[in-house]
$ cat start.txt   # compact mmCIF, C-alpha atoms
# COMPACT_ATOMS: atom_id res chain seq x y z
CA MET A 1 -71.70 -167.84 -51.72
CA GLU A 2 -70.42 -164.49 -50.51
CA HIS A 3 -66.69 -163.91 -50.64
CA SER A 4 -64.71 -161.03 -49.27
CA ILE A 5 -61.96 -158.81 -50.58
CA ASP A 6 -59.38 -157.46 -48.12
CA PHE A 7 -60.10 -153.77 -48.67
CA TRP A 8 -57.73 -152.67 -45.92
CA GLU A 9 -54.92 -154.26 -47.93
CA LEU A 10 -56.12 -152.69 -51.19
CA LEU A 11 -56.32 -149.31 -49.43
CA LYS A 12 -52.77 -149.71 -48.09
CA GLN A 13 -51.54 -150.58 -51.58
CA GLY A 14 -53.30 -147.54 -53.06
CA LYS A 15 -55.40 -149.67 -55.44
CA VAL A 16 -58.58 -148.41 -53.77
CA THR A 17 -58.92 -144.92 -52.36
CA VAL A 18 -61.41 -143.19 -50.10
CA THR A 19 -62.57 -139.85 -51.48
CA HIS A 20 -64.78 -137.33 -49.71
CA LEU A 21 -67.06 -135.81 -52.33
CA ASN A 22 -66.56 -132.12 -53.05
CA THR A 23 -68.27 -129.85 -55.54
CA ASP A 24 -65.33 -130.08 -58.00
CA TYR A 25 -65.31 -133.88 -58.13
CA GLU A 26 -65.71 -135.38 -61.62
CA PHE A 27 -67.78 -138.55 -61.41
CA LYS A 28 -66.42 -141.84 -62.69
CA SER A 29 -68.60 -144.72 -63.84
CA PHE A 30 -70.95 -146.33 -61.31
CA ASN A 31 -74.07 -148.50 -61.53
CA CYS A 32 -75.44 -150.33 -58.52
CA GLY A 33 -78.54 -151.56 -60.36
CA ASN A 34 -80.90 -149.25 -58.46
CA THR A 35 -81.98 -146.15 -60.39
CA ASP A 36 -82.73 -144.09 -57.27
CA LEU A 37 -79.31 -144.77 -55.74
CA ASN A 38 -77.53 -144.07 -59.03
CA ASP A 39 -79.51 -140.86 -59.55
CA PHE A 40 -78.78 -139.65 -56.03
CA LEU A 41 -75.04 -140.00 -56.60
CA PHE A 42 -74.92 -138.29 -60.00
CA ALA A 43 -77.72 -135.73 -59.67
CA ASP A 44 -78.21 -134.95 -55.98
CA SER A 45 -75.13 -135.71 -53.89
CA LYS A 46 -73.33 -132.45 -54.72
CA ILE A 47 -76.48 -130.40 -54.09
CA TYR A 48 -76.99 -132.12 -50.73
CA LEU A 49 -73.35 -131.46 -49.91
CA LYS A 50 -73.61 -127.79 -50.84
CA TYR A 51 -76.66 -127.26 -48.66
CA LEU A 52 -75.19 -129.24 -45.72
CA ARG A 53 -77.73 -132.06 -45.79
CA TYR A 54 -75.45 -135.06 -46.47
CA THR A 55 -71.77 -135.74 -46.86
CA THR A 56 -70.85 -138.43 -49.37
CA THR A 57 -67.81 -140.67 -49.29
CA LEU A 58 -66.64 -142.68 -52.29
CA LEU A 59 -64.61 -145.88 -52.45
CA GLU A 60 -62.94 -145.83 -55.86
CA THR A 61 -60.26 -147.14 -58.14
CA GLU A 62 -58.44 -145.09 -60.75
CA ASN A 63 -61.29 -145.32 -63.25
CA ARG A 64 -64.50 -146.19 -61.40
CA ILE A 65 -66.50 -145.80 -58.22
CA ILE A 66 -66.82 -149.09 -56.36
CA ALA A 67 -69.20 -147.90 -53.64
CA TYR A 68 -70.45 -144.83 -51.84
CA TYR A 69 -72.32 -143.82 -48.73
CA SER A 70 -73.93 -140.58 -47.60
CA LEU A 71 -74.29 -139.54 -43.96
CA ALA A 72 -76.37 -137.00 -42.07
CA ASN A 73 -77.00 -136.22 -38.42
CA ASP A 74 -80.06 -137.88 -36.93
CA LEU A 75 -81.94 -138.49 -33.69
CA LEU A 76 -83.10 -141.95 -32.73
CA LYS A 77 -86.59 -141.47 -31.24
CA ILE A 78 -87.82 -144.37 -29.14
CA SER A 79 -91.55 -144.96 -28.75
CA ASP A 80 -91.57 -148.39 -27.07
CA ARG A 81 -89.34 -147.99 -24.02
CA GLN A 82 -89.57 -151.61 -22.87
CA ASP A 83 -88.68 -153.12 -26.25
CA PHE A 84 -85.75 -150.72 -26.48
CA ALA A 85 -84.56 -151.62 -22.96
CA ASP A 86 -84.75 -155.31 -23.88
CA GLU A 87 -82.77 -154.68 -27.09
CA MET A 88 -80.12 -152.72 -25.18
CA GLU A 89 -79.71 -155.34 -22.45
CA GLY A 90 -76.68 -156.75 -24.30
CA CYS A 91 -74.90 -153.41 -23.78
CA ARG A 92 -75.73 -153.11 -20.11
CA ASP A 93 -72.36 -154.41 -18.92
CA LYS A 94 -70.62 -151.70 -20.99
CA ILE A 95 -72.62 -148.84 -19.50
CA GLU A 96 -71.80 -147.71 -15.97
CA PHE A 97 -74.55 -148.43 -13.46
CA ASP A 98 -75.04 -144.74 -12.61
CA PHE A 99 -75.61 -143.89 -16.27
CA TRP A 100 -77.81 -146.88 -17.22
CA GLU A 101 -81.13 -145.52 -15.88
CA ARG A 102 -80.47 -142.05 -17.27
CA PHE A 103 -79.60 -143.65 -20.62
CA LEU A 104 -82.82 -145.70 -20.76
CA ASN A 105 -84.99 -142.73 -19.77
CA GLN A 106 -83.92 -140.56 -22.70
CA LYS A 107 -86.54 -139.97 -25.37
CA MET A 108 -84.04 -139.25 -28.13
CA TYR A 109 -80.48 -140.41 -28.77
CA PRO A 110 -77.75 -138.84 -30.91
CA ALA A 111 -77.27 -140.76 -34.13
CA ALA A 112 -75.81 -140.65 -37.62
CA LYS A 113 -78.04 -141.61 -40.52
CA ILE A 114 -76.89 -143.59 -43.52
CA GLY A 115 -78.88 -141.73 -46.15
CA ARG A 116 -77.57 -143.86 -49.00
CA LEU A 117 -75.18 -146.81 -49.27
CA ALA A 118 -74.59 -148.51 -52.62
CA VAL A 119 -72.09 -150.85 -54.25
CA ASP A 120 -71.47 -151.07 -57.99
CA LYS A 121 -73.04 -154.21 -59.55
CA ASP A 122 -69.62 -155.58 -60.55
CA PHE A 123 -68.47 -155.48 -56.92
CA GLN A 124 -71.57 -156.71 -55.09
CA ASP A 125 -71.52 -159.83 -52.89
CA GLN A 126 -67.84 -159.35 -52.07
CA GLY A 127 -68.23 -157.95 -48.56
CA ILE A 128 -67.83 -154.28 -49.52
CA GLY A 129 -71.06 -153.12 -47.85
CA THR A 130 -70.10 -154.90 -44.63
CA PHE A 131 -66.62 -153.38 -44.88
CA LEU A 132 -68.21 -149.93 -45.11
CA ILE A 133 -70.49 -150.55 -42.10
CA LYS A 134 -67.55 -151.78 -40.01
CA SER A 135 -65.47 -148.79 -41.10
CA LEU A 136 -68.27 -146.40 -40.15
CA VAL A 137 -68.64 -148.01 -36.73
CA GLN A 138 -64.90 -147.72 -36.09
CA SER A 139 -64.87 -144.15 -37.33
CA PHE A 140 -67.60 -143.13 -34.88
CA ILE A 141 -65.97 -145.01 -32.00
CA ARG A 142 -62.50 -143.57 -32.59
CA LYS A 143 -63.38 -140.07 -33.85
CA ASN A 144 -66.66 -139.33 -32.12
CA LYS A 145 -66.68 -135.62 -32.96
CA THR A 146 -70.34 -134.83 -32.28
CA GLY A 147 -71.63 -137.46 -29.87
CA CYS A 148 -73.17 -140.44 -31.64
CA GLN A 149 -74.63 -143.49 -29.91
CA PHE A 150 -76.42 -145.08 -32.87
CA ILE A 151 -76.36 -145.45 -36.64
CA THR A 152 -79.77 -145.30 -38.30
CA VAL A 153 -80.99 -146.17 -41.77
CA ASP A 154 -84.25 -146.30 -43.70
CA ALA A 155 -83.60 -149.63 -45.44
CA ILE A 156 -85.24 -150.33 -48.81
CA ASN A 157 -88.09 -152.79 -48.24
CA ASP A 158 -88.75 -154.48 -51.57
CA ASN A 159 -89.81 -157.98 -52.63
CA THR A 160 -86.26 -159.35 -52.52
CA GLN A 161 -85.63 -158.16 -48.93
CA ARG A 162 -81.94 -158.04 -49.93
CA THR A 163 -81.27 -154.66 -48.30
CA ILE A 164 -83.20 -155.56 -45.15
CA LYS A 165 -81.22 -158.80 -44.80
CA PHE A 166 -77.95 -156.94 -45.36
CA TYR A 167 -78.64 -154.56 -42.49
CA GLU A 168 -79.91 -157.38 -40.25
CA ASN A 169 -76.69 -159.33 -40.94
CA ASN A 170 -74.72 -156.23 -39.93
CA GLY A 171 -76.43 -155.95 -36.54
CA PHE A 172 -79.21 -153.46 -37.29
CA LYS A 173 -82.52 -153.82 -35.46
CA TYR A 174 -86.00 -152.61 -36.36
CA LEU A 175 -87.13 -149.40 -34.72
CA THR A 176 -90.81 -150.23 -35.15
CA MET A 177 -93.10 -152.87 -36.59
CA ASN A 178 -95.44 -150.16 -37.96
CA ASP A 179 -93.47 -149.91 -41.22
CA VAL A 180 -93.44 -153.61 -42.21
CA ASN A 181 -95.40 -152.97 -45.41
CA ARG A 182 -93.84 -149.62 -46.33
CA GLU A 183 -91.19 -148.82 -48.96
CA SER A 184 -88.50 -148.61 -46.29
CA ARG A 185 -87.94 -149.90 -42.75
CA GLN A 186 -86.42 -147.77 -40.00
CA MET A 187 -83.48 -149.62 -38.48
CA TYR A 188 -80.75 -148.79 -35.99
CA LYS A 189 -77.43 -150.12 -34.75
CA SER A 190 -76.02 -149.38 -31.31
CA LEU A 191 -72.44 -148.16 -31.13
CA LEU A 192 -72.35 -148.69 -27.36
CA GLU A 193 -71.62 -152.39 -27.76
CA TYR A 194 -68.22 -151.43 -29.24
CA ILE A 195 -66.98 -149.19 -26.43

$ encode --input "start.txt" --output "structure tokens"
Amino acid sequence: MEHSIDFWELLKQGKVTVTHLNTDYEFKSFNCGNTDLNDFLFADSKIYLKYLRYTTTLLETENRIIAYYSLANDLLKISDRQDFADEMEGCRDKIEFDFWERFLNQKMYPAAKIGRLAVDKDFQDQGIGTFLIKSLVQSFIRKNKTGCQFITVDAINDNTQRTIKFYENNGFKYLTMNDVNRESRQMYKSLLEYI
């Protein structure tokens, strides 16, 4: 059974801090159980930061990293217009009538991509990933600095389907059915439902 920690309270108390990775950062311990995600953090995240590909944000205590996520700019490209219109129907009442048709007729939409999101094994199944998704959504709604209507992710598609289910439970939808049997599934979440 999943339980949740009140991270807002821990943040207020200073027991957990949010750190934006910089090139001088000295890594603390972290192991999410996935070699690729661990390796990205320790070997690649600073390189990607230096060359402006991803920014990485850490959730940490005094002596360890609890979780991290990396973000990049993205474009959501829609190939099946009707399926997309059906998916977006729930947002229709939030989008002014004059803008609705123009919105649906776009071929690409501004988005932010979650390049990586991982939680240390000792902190999994406590609601931290969901906390991070909700925090990202609120950040884009409140501080929309570049124009961002969607969050995208290429979710790991393995035998356990754990990552896929996590993103489904957090309101992400499939972009296409063409990647069902691939290593990752393209998924997206609309930010328009929160405006």

$ atom_distance --input "start.txt" --atom1 "atom CA of A:Asp179" --atom2 "atom CA of A:Ala118"
22.1 Å

$ residues_around --input "start.txt" --residues "A:Asn157" --least-positions-apart "2" --cutoff "9 Å" --atoms "only C-alpha atoms" --output "short mmCIF file (atom, residue, chain, number, x, y, z; two decimals) with C-alpha atoms, keeping the file's coordinate frame"
data_model
loop_
_atom_site.label_atom_id
_atom_site.label_comp_id
_atom_site.auth_asym_id
_atom_site.auth_seq_id
_atom_site.Cartn_x
_atom_site.Cartn_y
_atom_site.Cartn_z
CA ASP A 154 -84.25 -146.30 -43.70
CA ALA A 155 -83.60 -149.63 -45.44
CA ASN A 159 -89.81 -157.98 -52.63
CA THR A 160 -86.26 -159.35 -52.52
CA GLN A 161 -85.63 -158.16 -48.93
CA ARG A 162 -81.94 -158.04 -49.93
CA THR A 163 -81.27 -154.66 -48.30
CA ILE A 164 -83.20 -155.56 -45.15
CA VAL A 180 -93.44 -153.61 -42.21
CA ASN A 181 -95.40 -152.97 -45.41
CA ARG A 182 -93.84 -149.62 -46.33
CA GLU A 183 -91.19 -148.82 -48.96
CA SER A 184 -88.50 -148.61 -46.29
CA ARG A 185 -87.94 -149.90 -42.75
#

$ closest_residue --input "start.txt" --among "A:Ile156, A:Ala111, A:Leu175, A:Ile195" --to "A:Gln138" --atoms "only C-alpha atoms"
A:Ile195

$ closest_residue --input "start.txt" --among "A:Lys15, A:Lys113, A:Lys121, A:Lys145" --to "A:Phe30" --atoms "only C-alpha atoms"
A:Lys121

$ atom_distance --input "start.txt" --atom1 "atom CA of A:Lys46" --atom2 "atom CA of A:Tyr109"
28.1 Å

$ closest_residue --input "start.txt" --among "A:Glu193, A:Asp24, A:Asp120, A:Asp158" --to "A:Glu60" --atoms "all atoms listed in the file"
A:Asp120

$ atom_distance --input "start.txt" --atom1 "atom CA of A:Tyr68" --atom2 "atom CA of A:Val119"
6.7 Å

$ closest_residue --input "start.txt" --among "A:Ile141, A:Val16, A:Ala112, A:Leu21" --to "A:Phe42" --atoms "only C-alpha atoms"
A:Leu21

$ closest_residue --input "start.txt" --among "A:Tyr48, A:Phe40, A:Phe84, A:Phe123" --to "A:Ser190" --atoms "all atoms listed in the file"
A:Phe84

$ closest_residue --input "start.txt" --among "A:Met88, A:Ile114, A:Met177, A:Ile95" --to "A:Ile151" --atoms "all atoms listed in the file"
A:Ile114

$ residues_near_point --input "start.txt" --point "(-66.2, -125.7, -53.7)" --cutoff "10 Å" --atoms "all atoms listed in the file" --output "VMD selection string"
chain A and resid 22 to 25 46 49 to 50

$ decode --input "start.txt" --residues "stretch 100-132 of chain A" --atoms "N, CA and C atoms" --output "PDB file, in the first residue's frame"
ATOM      1  N   TRP A 100     -10.317  27.965 -29.199  1.00  0.00           N
ATOM      2  CA  TRP A 100     -10.442  26.506 -29.253  1.00  0.00           C
ATOM      3  C   TRP A 100     -10.073  25.935 -30.624  1.00  0.00           C
ATOM      4  N   GLU A 101     -10.673  26.457 -31.691  1.00  0.00           N
ATOM      5  CA  GLU A 101     -10.383  25.940 -33.032  1.00  0.00           C
ATOM      6  C   GLU A 101      -8.926  26.160 -33.418  1.00  0.00           C
ATOM      7  N   ARG A 102      -8.410  27.340 -33.116  1.00  0.00           N
ATOM      8  CA  ARG A 102      -7.008  27.627 -33.412  1.00  0.00           C
ATOM      9  C   ARG A 102      -6.108  26.652 -32.643  1.00  0.00           C
ATOM     10  N   PHE A 103      -6.455  26.403 -31.386  1.00  0.00           N
ATOM     11  CA  PHE A 103      -5.700  25.477 -30.545  1.00  0.00           C
ATOM     12  C   PHE A 103      -5.678  24.078 -31.169  1.00  0.00           C
ATOM     13  N   LEU A 104      -6.838  23.569 -31.564  1.00  0.00           N
ATOM     14  CA  LEU A 104      -6.919  22.214 -32.110  1.00  0.00           C
ATOM     15  C   LEU A 104      -6.239  22.079 -33.469  1.00  0.00           C
ATOM     16  N   ASN A 105      -6.119  23.169 -34.206  1.00  0.00           N
ATOM     17  CA  ASN A 105      -5.529  23.111 -35.542  1.00  0.00           C
ATOM     18  C   ASN A 105      -4.017  23.270 -35.558  1.00  0.00           C
ATOM     19  N   GLN A 106      -3.412  23.440 -34.404  1.00  0.00           N
ATOM     20  CA  GLN A 106      -1.951  23.490 -34.354  1.00  0.00           C
ATOM     21  C   GLN A 106      -1.393  22.108 -34.678  1.00  0.00           C
ATOM     22  N   LYS A 107      -0.196  22.080 -35.222  1.00  0.00           N
ATOM     23  CA  LYS A 107       0.474  20.802 -35.480  1.00  0.00           C
ATOM     24  C   LYS A 107       1.458  20.472 -34.368  1.00  0.00           C
ATOM     25  N   MET A 108       1.941  21.514 -33.697  1.00  0.00           N
ATOM     26  CA  MET A 108       2.903  21.322 -32.609  1.00  0.00           C
ATOM     27  C   MET A 108       2.520  22.246 -31.460  1.00  0.00           C
ATOM     28  N   TYR A 109       2.808  21.788 -30.238  1.00  0.00           N
ATOM     29  CA  TYR A 109       2.464  22.530 -29.032  1.00  0.00           C
ATOM     30  C   TYR A 109       3.690  22.674 -28.146  1.00  0.00           C
ATOM     31  N   PRO A 110       3.868  23.844 -27.518  1.00  0.00           N
ATOM     32  CA  PRO A 110       5.018  24.014 -26.631  1.00  0.00           C
ATOM     33  C   PRO A 110       4.901  23.092 -25.410  1.00  0.00           C
ATOM     34  N   ALA A 111       6.026  22.476 -25.078  1.00  0.00           N
ATOM     35  CA  ALA A 111       6.022  21.499 -23.982  1.00  0.00           C
ATOM     36  C   ALA A 111       7.362  21.519 -23.258  1.00  0.00           C
ATOM     37  N   ALA A 112       7.362  20.921 -22.090  1.00  0.00           N
ATOM     38  CA  ALA A 112       8.584  20.645 -21.338  1.00  0.00           C
ATOM     39  C   ALA A 112       8.688  19.127 -21.217  1.00  0.00           C
ATOM     40  N   LYS A 113       9.885  18.619 -21.421  1.00  0.00           N
ATOM     41  CA  LYS A 113      10.095  17.168 -21.376  1.00  0.00           C
ATOM     42  C   LYS A 113      10.771  16.764 -20.073  1.00  0.00           C
ATOM     43  N   ILE A 114      10.193  15.790 -19.406  1.00  0.00           N
ATOM     44  CA  ILE A 114      10.876  15.158 -18.285  1.00  0.00           C
ATOM     45  C   ILE A 114      11.838  14.156 -18.902  1.00  0.00           C
ATOM     46  N   GLY A 115      13.112  14.501 -18.901  1.00  0.00           N
ATOM     47  CA  GLY A 115      14.123  13.619 -19.477  1.00  0.00           C
ATOM     48  C   GLY A 115      14.423  12.449 -18.557  1.00  0.00           C
ATOM     49  N   ARG A 116      14.451  12.723 -17.276  1.00  0.00           N
ATOM     50  CA  ARG A 116      14.682  11.698 -16.256  1.00  0.00           C
ATOM     51  C   ARG A 116      13.912  12.103 -15.009  1.00  0.00           C
ATOM     52  N   LEU A 117      13.389  11.120 -14.303  1.00  0.00           N
ATOM     53  CA  LEU A 117      12.789  11.330 -12.984  1.00  0.00           C
ATOM     54  C   LEU A 117      13.034  10.041 -12.217  1.00  0.00           C
ATOM     55  N   ALA A 118      13.683  10.146 -11.058  1.00  0.00           N
ATOM     56  CA  ALA A 118      14.026   8.950 -10.293  1.00  0.00           C
ATOM     57  C   ALA A 118      13.975   9.236  -8.807  1.00  0.00           C
ATOM     58  N   VAL A 119      13.603   8.215  -8.052  1.00  0.00           N
ATOM     59  CA  VAL A 119      13.526   8.293  -6.591  1.00  0.00           C
ATOM     60  C   VAL A 119      14.413   7.196  -6.011  1.00  0.00           C
ATOM     61  N   ASP A 120      15.211   7.547  -5.021  1.00  0.00           N
ATOM     62  CA  ASP A 120      16.077   6.579  -4.345  1.00  0.00           C
ATOM     63  C   ASP A 120      15.241   5.400  -3.839  1.00  0.00           C
ATOM     64  N   LYS A 121      15.811   4.178  -3.926  1.00  0.00           N
ATOM     65  CA  LYS A 121      15.088   2.965  -3.516  1.00  0.00           C
ATOM     66  C   LYS A 121      14.502   3.058  -2.111  1.00  0.00           C
ATOM     67  N   ASP A 122      15.246   3.690  -1.189  1.00  0.00           N
ATOM     68  CA  ASP A 122      14.786   3.767   0.200  1.00  0.00           C
ATOM     69  C   ASP A 122      13.590   4.704   0.378  1.00  0.00           C
ATOM     70  N   PHE A 123      13.274   5.479  -0.649  1.00  0.00           N
ATOM     71  CA  PHE A 123      12.182   6.452  -0.553  1.00  0.00           C
ATOM     72  C   PHE A 123      11.063   6.190  -1.560  1.00  0.00           C
ATOM     73  N   GLN A 124      11.129   5.075  -2.279  1.00  0.00           N
ATOM     74  CA  GLN A 124      10.094   4.771  -3.259  1.00  0.00           C
ATOM     75  C   GLN A 124       8.799   4.363  -2.573  1.00  0.00           C
ATOM     76  N   ASP A 125       7.701   4.502  -3.299  1.00  0.00           N
ATOM     77  CA  ASP A 125       6.357   4.150  -2.834  1.00  0.00           C
ATOM     78  C   ASP A 125       5.913   4.994  -1.637  1.00  0.00           C
ATOM     79  N   GLN A 126       6.385   6.224  -1.589  1.00  0.00           N
ATOM     80  CA  GLN A 126       5.983   7.148  -0.527  1.00  0.00           C
ATOM     81  C   GLN A 126       5.352   8.422  -1.095  1.00  0.00           C
ATOM     82  N   GLY A 127       5.065   8.426  -2.389  1.00  0.00           N
ATOM     83  CA  GLY A 127       4.411   9.563  -3.005  1.00  0.00           C
ATOM     84  C   GLY A 127       5.352  10.658  -3.492  1.00  0.00           C
ATOM     85  N   ILE A 128       6.656  10.408  -3.479  1.00  0.00           N
ATOM     86  CA  ILE A 128       7.624  11.442  -3.861  1.00  0.00           C
ATOM     87  C   ILE A 128       7.524  11.761  -5.351  1.00  0.00           C
ATOM     88  N   GLY A 129       7.410  10.744  -6.203  1.00  0.00           N
ATOM     89  CA  GLY A 129       7.294  10.980  -7.637  1.00  0.00           C
ATOM     90  C   GLY A 129       6.054  11.805  -7.966  1.00  0.00           C
ATOM     91  N   THR A 130       4.945  11.471  -7.339  1.00  0.00           N
ATOM     92  CA  THR A 130       3.710  12.237  -7.540  1.00  0.00           C
ATOM     93  C   THR A 130       3.875  13.653  -7.024  1.00  0.00           C
ATOM     94  N   PHE A 131       4.540  13.813  -5.901  1.00  0.00           N
ATOM     95  CA  PHE A 131       4.838  15.150  -5.369  1.00  0.00           C
ATOM     96  C   PHE A 131       5.622  15.961  -6.395  1.00  0.00           C
ATOM     97  N   LEU A 132       6.620  15.337  -7.020  1.00  0.00           N
ATOM     98  CA  LEU A 132       7.425  16.044  -8.014  1.00  0.00           C
ATOM     99  C   LEU A 132       6.599  16.428  -9.241  1.00  0.00           C
TER     100      LEU A 132
END
